[in-house]
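Participant: Structure incoming, see below.
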Protein chains: 2
Amino acid sequence: MRTRIAIDAMGGDFAPFSIVAGAVLAQKAYGDSVELSLVGDKTQIEAELKNLNATDLPIKIVHSTQIIAMGDEPAESVRKKPDSSITVALGLQKSGQSQAFISAGNTGACMAASLIILGRLPAVNRPAIGAFFPTERGAALVLDVGANSDCKAINLYQFGLMGAIYFTQMFSNQNPRVGLLSIGEEKSKGNELTIASHKLLSAADLNFAGNIEGRDILKGKADVVICDGFVGNIILKFAESIDSFLGEIVRRQVRVNLLAKIGALLLQPAFKDLKKNLDSAEYGGAPLLGINGVSIICHGGSSPKAIKNAVRMAQNMVERDINRLIEERLAANGSYTPSEVKQK
Amino acid sequence: MRTRIAIDAMGGDFAPFSIVAGAVLAQKAYGDSVELSLVGDKTQIEAELKNLNATDLPIKIVHSTQIIAMGDEPAESVRKKPDSSITVALGLQKSGQSQAFISAGNTGACMAASLIILGRLPAVNRPAIGAFFPTERGAALVLDVGANSDCKAINLYQFGLMGAIYFTQMFSNQNPRVGLLSIGEEKSKGNELTIASHKLLSAADLNFAGNIEGRDILKGKADVVICDGFVGNIILKFAESIDSFLGEIVRRQVRVNLLAKIGALLLQPAFKDLKKNLDSAEYGGAPLLGINGVSIICHGGSSPKAIKNAVRMAQNMVERDINRLIEERLAANGSYTPSEVKQK
């Protein structure tokens, strides 16, 4: 059975080129296992497919006339642009014509539109965006990286459960270590939010590693790192800026030192490897977990390869039925009614 | 007039060696402008001075019998160990025998002891720890990096004023750009705390650059970066772990690739420069701003050079009378009475 995936062709810094090229790579790589629809301006998408000599591939085009720009106000733009590529692509999923959504466009708008059009899973109070960080041991899933700037303990608790399920399915790791990002390892250390969350996470059916610190993320001390969306977003963007900072430091040396220049040339493969390790797009994109559907948000600067990887990610999420697992797990760990949630 | 500085000789991963060696470096470098006292076990300190052929230097020794260990509970250890090197060294400042305190020991205990023994400045609600980050343009002061895990807007506002004064004095920069660490640049973006803080900082007599994002710290978009101690501590520790992560990535490449190995050798100076840039100890230590005195907390792994730099920092803070400037500036920007503070 093919996984039907709707891709927003108009979102991202290099759209529609990068997106269409990514869909072509994915179609060639995954063939009959996927059914891809590119949503956006038909003329532009057709032109890109023609440039790529890919008009004979079985990629569908769904025409839409509006575009939500990177700077548009998320909720407002979703309301005001009902024929945008984002809303149309999500509408396909709502009506059952597709099973997953991918966009490299306005993150806030993707999130708002996913919530408005698909809604959340009944057991989940707040969906969260998960992002992969490279570590000395492999990769860690950090969530939330921006969906919720103010959280309650119940939210972090649910992020822990959702993150563990997702990590297990994507990496075939049956017992991922879940760490709560805090300051200080003891359970009494942290802020009011993490201290309260620690209690809930300790009682959950999880491989809970307790508090971890900022230095533990890249060391790979946890497979799933839990934090509110404010902290997660700051760390994510800080990490993304390391590459440029390192480049600047190396350039300064190379400018004054010929041997360093030769060294830099010889080390090119290592630098490339480093960049790849620091580039979260390698993992395809960031899933919005807790949504009643599959929604993957890619970096605005996504390469065709990143889009292709996002297709693979979407396919995995659909095939492994992540959402059913989340519903079951949250129910098994005790479902919180709204009145209970308020007390947390 | 000599600046009298009391140094905790027993705190830090390499104490007393690293600390005594740092004091010796500082005494040789700054000569008659400083009067240094090493506080701790007299026998051990004398032995280190002897090993360093430095017994003839005019460095005082103040004997104390107890040590607050790295793992000790901060407030409790200050109470239970009245003859610890930290409490005795701060006592010298309280009684007027010294003007500044330096320690590479238990950060929490240094902070608690500074608050208990020296108290805070009347105009300051909460002292903050400031740490220097390297940037593409130079250095940025980030505060708070761990003194306050839960903050109110009035705290972040005062951090902004204190940070600007400190940066101005230390870098002779008359108009440092103060950025509020948040998610999204618009003033409406962020969490409840930053949105409320943005209003107060906008109204202050400051070169306020508005919200900055995680990616802007290393780019050097602000000279002073304001955040609560929870976020600041996580970012600081994350940044400190980059060095080890990069080392691991490069080692992996070098293991399999001879050319990369040669490249790594040729690039040694660049890597050294990078490590130095990422090493906050280069700036000497982290000042505790808002304390009624001068208290500098150094990294546990401080080298002798870091201790020497901390001595220079302490000297600057005393000579430039940072605390009087903070009191004046906070009064000029409107002093908040406790009832007003509660409303923020």
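Chain labels follow the order of the structure tokens: the first chain is A, the next B, and so on; residue numbering restarts at 1 in every chain, and ligands are counted from 1 in their shown order.
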What residues in chain A lie within 8 Å of chain B, counting only C-alpha atoms, written as a PyMOL selection string?

Facilitator: chain A and resi 135-136+146+149-150+181-183+190-192+213-219+230-231+233-242+245-246+248-250+253-254+259-270+273-274

Participant: Can you pull out every residue within 10 Å of Leu201 in chain B, counting only C-alpha atoms, but drop anything in the same chain fewer than 2 positions away, and send it as a ChimeraX atom specification?

Facilitator: /B:153-154,156-161,178-180,194,196-199,203-210

Participant: Can you pull out the residues contacting range 3-18 of chain B? Cut-off 8 Å, using only C-alpha atoms, and skip same-chain residues under 5 positions away; I want them as a ChimeraX atom specification.

Facilitator: /B:33-41,44-45,48,67-70,85-86,89-90,92-93,97-106,299-304,307,311,314-315,318-319

Participant: Those selected residues, please, written with N, CA and C atoms and delivered as a short mmCIF file (atom, residue, chain, number, x, y, z; two decimals), in the first residue's frame.

Facilitator:
data_model
loop_
_atom_site.label_atom_id
_atom_site.label_comp_id
_atom_site.auth_asym_id
_atom_site.auth_seq_id
_atom_site.Cartn_x
_atom_site.Cartn_y
_atom_site.Cartn_z
N SER B 33 50.28 46.60 42.23
CA SER B 33 48.90 47.09 42.14
C SER B 33 47.91 46.16 42.85
N VAL B 34 48.38 44.96 43.25
CA VAL B 34 47.48 44.04 43.96
C VAL B 34 48.08 43.54 45.27
N GLU B 35 47.20 43.21 46.19
CA GLU B 35 47.62 42.58 47.45
C GLU B 35 46.79 41.31 47.57
N LEU B 36 47.44 40.17 47.31
CA LEU B 36 46.69 38.91 47.23
C LEU B 36 46.75 38.12 48.52
N SER B 37 45.61 37.55 48.92
CA SER B 37 45.58 36.62 50.05
C SER B 37 45.03 35.28 49.58
N LEU B 38 45.78 34.23 49.83
CA LEU B 38 45.29 32.88 49.51
C LEU B 38 44.68 32.30 50.78
N VAL B 39 43.41 31.88 50.68
CA VAL B 39 42.71 31.39 51.85
C VAL B 39 42.55 29.87 51.76
N GLY B 40 43.02 29.16 52.82
CA GLY B 40 42.88 27.70 52.82
C GLY B 40 43.90 27.07 53.74
N ASP B 41 44.16 25.80 53.49
CA ASP B 41 45.09 25.06 54.35
C ASP B 41 46.51 25.60 54.17
N GLN B 44 49.38 23.20 52.90
CA GLN B 44 49.29 22.88 51.47
C GLN B 44 49.66 24.07 50.60
N ILE B 45 49.20 25.26 51.00
CA ILE B 45 49.48 26.45 50.19
C ILE B 45 50.99 26.75 50.21
N GLU B 48 52.80 24.41 47.91
CA GLU B 48 52.65 24.78 46.49
C GLU B 48 53.53 25.97 46.14
N ILE B 67 36.67 22.78 53.98
CA ILE B 67 36.52 22.91 52.52
C ILE B 67 35.08 22.57 52.14
N ILE B 68 34.46 23.41 51.34
CA ILE B 68 33.15 23.07 50.79
C ILE B 68 33.42 22.31 49.49
N ALA B 69 32.99 21.06 49.44
CA ALA B 69 33.27 20.23 48.26
C ALA B 69 32.32 20.59 47.12
N MET B 70 32.68 20.15 45.90
CA MET B 70 31.89 20.45 44.72
C MET B 70 30.46 19.93 44.85
N SER B 85 37.15 27.72 53.33
CA SER B 85 37.95 28.73 52.62
C SER B 85 37.03 29.77 51.97
N ILE B 86 35.85 29.35 51.49
CA ILE B 86 34.92 30.30 50.85
C ILE B 86 34.39 31.30 51.87
N ALA B 89 37.19 33.63 53.23
CA ALA B 89 37.62 34.61 52.23
C ALA B 89 36.59 35.73 52.09
N LEU B 90 35.32 35.38 52.10
CA LEU B 90 34.27 36.41 52.00
C LEU B 90 34.19 37.22 53.29
N LEU B 92 36.67 38.17 55.04
CA LEU B 92 37.72 39.20 54.93
C LEU B 92 37.17 40.45 54.23
N GLN B 93 36.30 40.21 53.22
CA GLN B 93 35.73 41.34 52.48
C GLN B 93 34.70 42.07 53.35
N GLN B 97 38.92 43.83 55.17
CA GLN B 97 40.33 43.46 54.96
C GLN B 97 40.64 43.14 53.50
N SER B 98 39.58 42.86 52.71
CA SER B 98 39.81 42.70 51.27
C SER B 98 38.68 43.37 50.52
N GLN B 99 38.84 43.51 49.21
CA GLN B 99 37.84 44.22 48.40
C GLN B 99 37.18 43.32 47.36
N ALA B 100 37.75 42.13 47.17
CA ALA B 100 37.20 41.25 46.15
C ALA B 100 37.47 39.80 46.51
N PHE B 101 36.61 38.93 45.99
CA PHE B 101 36.68 37.49 46.28
C PHE B 101 36.70 36.72 44.97
N ILE B 102 37.58 35.72 44.90
CA ILE B 102 37.67 34.86 43.71
C ILE B 102 37.64 33.41 44.15
N SER B 103 36.83 32.58 43.49
CA SER B 103 36.82 31.16 43.80
C SER B 103 36.50 30.33 42.56
N ALA B 104 37.14 29.18 42.45
CA ALA B 104 36.82 28.21 41.39
C ALA B 104 36.07 27.03 42.00
N GLY B 105 35.55 27.23 43.22
CA GLY B 105 34.89 26.15 43.94
C GLY B 105 33.42 26.01 43.58
N ASN B 106 32.69 25.34 44.43
CA ASN B 106 31.24 25.09 44.31
C ASN B 106 30.48 26.39 44.00
N HIS B 299 35.37 28.87 36.67
CA HIS B 299 35.07 27.50 36.28
C HIS B 299 35.85 26.53 37.16
N GLY B 300 35.24 25.41 37.51
CA GLY B 300 35.91 24.42 38.34
C GLY B 300 37.23 23.98 37.74
N GLY B 301 37.31 23.91 36.43
CA GLY B 301 38.52 23.45 35.77
C GLY B 301 39.50 24.57 35.44
N SER B 302 39.39 25.68 36.13
CA SER B 302 40.22 26.85 35.81
C SER B 302 41.72 26.54 35.82
N SER B 303 42.39 27.04 34.79
CA SER B 303 43.85 26.95 34.71
C SER B 303 44.44 28.09 35.53
N PRO B 304 45.75 28.03 35.81
CA PRO B 304 46.41 29.16 36.48
C PRO B 304 46.17 30.47 35.73
N ILE B 307 42.84 31.97 36.55
CA ILE B 307 42.84 32.60 37.87
C ILE B 307 43.53 33.97 37.79
N VAL B 311 41.93 37.71 38.58
CA VAL B 311 42.52 38.75 39.45
C VAL B 311 42.44 40.10 38.74
N ALA B 314 38.87 41.27 38.86
CA ALA B 314 38.51 41.77 40.20
C ALA B 314 39.07 43.18 40.40
N GLN B 315 40.30 43.36 39.97
CA GLN B 315 40.96 44.66 40.09
C GLN B 315 40.17 45.73 39.33
N VAL B 318 36.88 46.63 41.11
CA VAL B 318 37.08 47.48 42.30
C VAL B 318 37.48 48.89 41.86
N GLU B 319 38.46 48.99 40.97
CA GLU B 319 38.96 50.30 40.54
C GLU B 319 37.87 51.15 39.90
#

Participant: In Å to one decimal, how far is CA of Val142 in chain B from CA of Gln174 in chain B?

Facilitator: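 The value is 17.6 Å.
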
Participant: Measuring between only C-alpha atoms, which one of B:Thr87, B:Asn333, B:Ser95, B:Thr107 shows the shortest distance to Glu73 in chain B?

Facilitator: B:Thr107
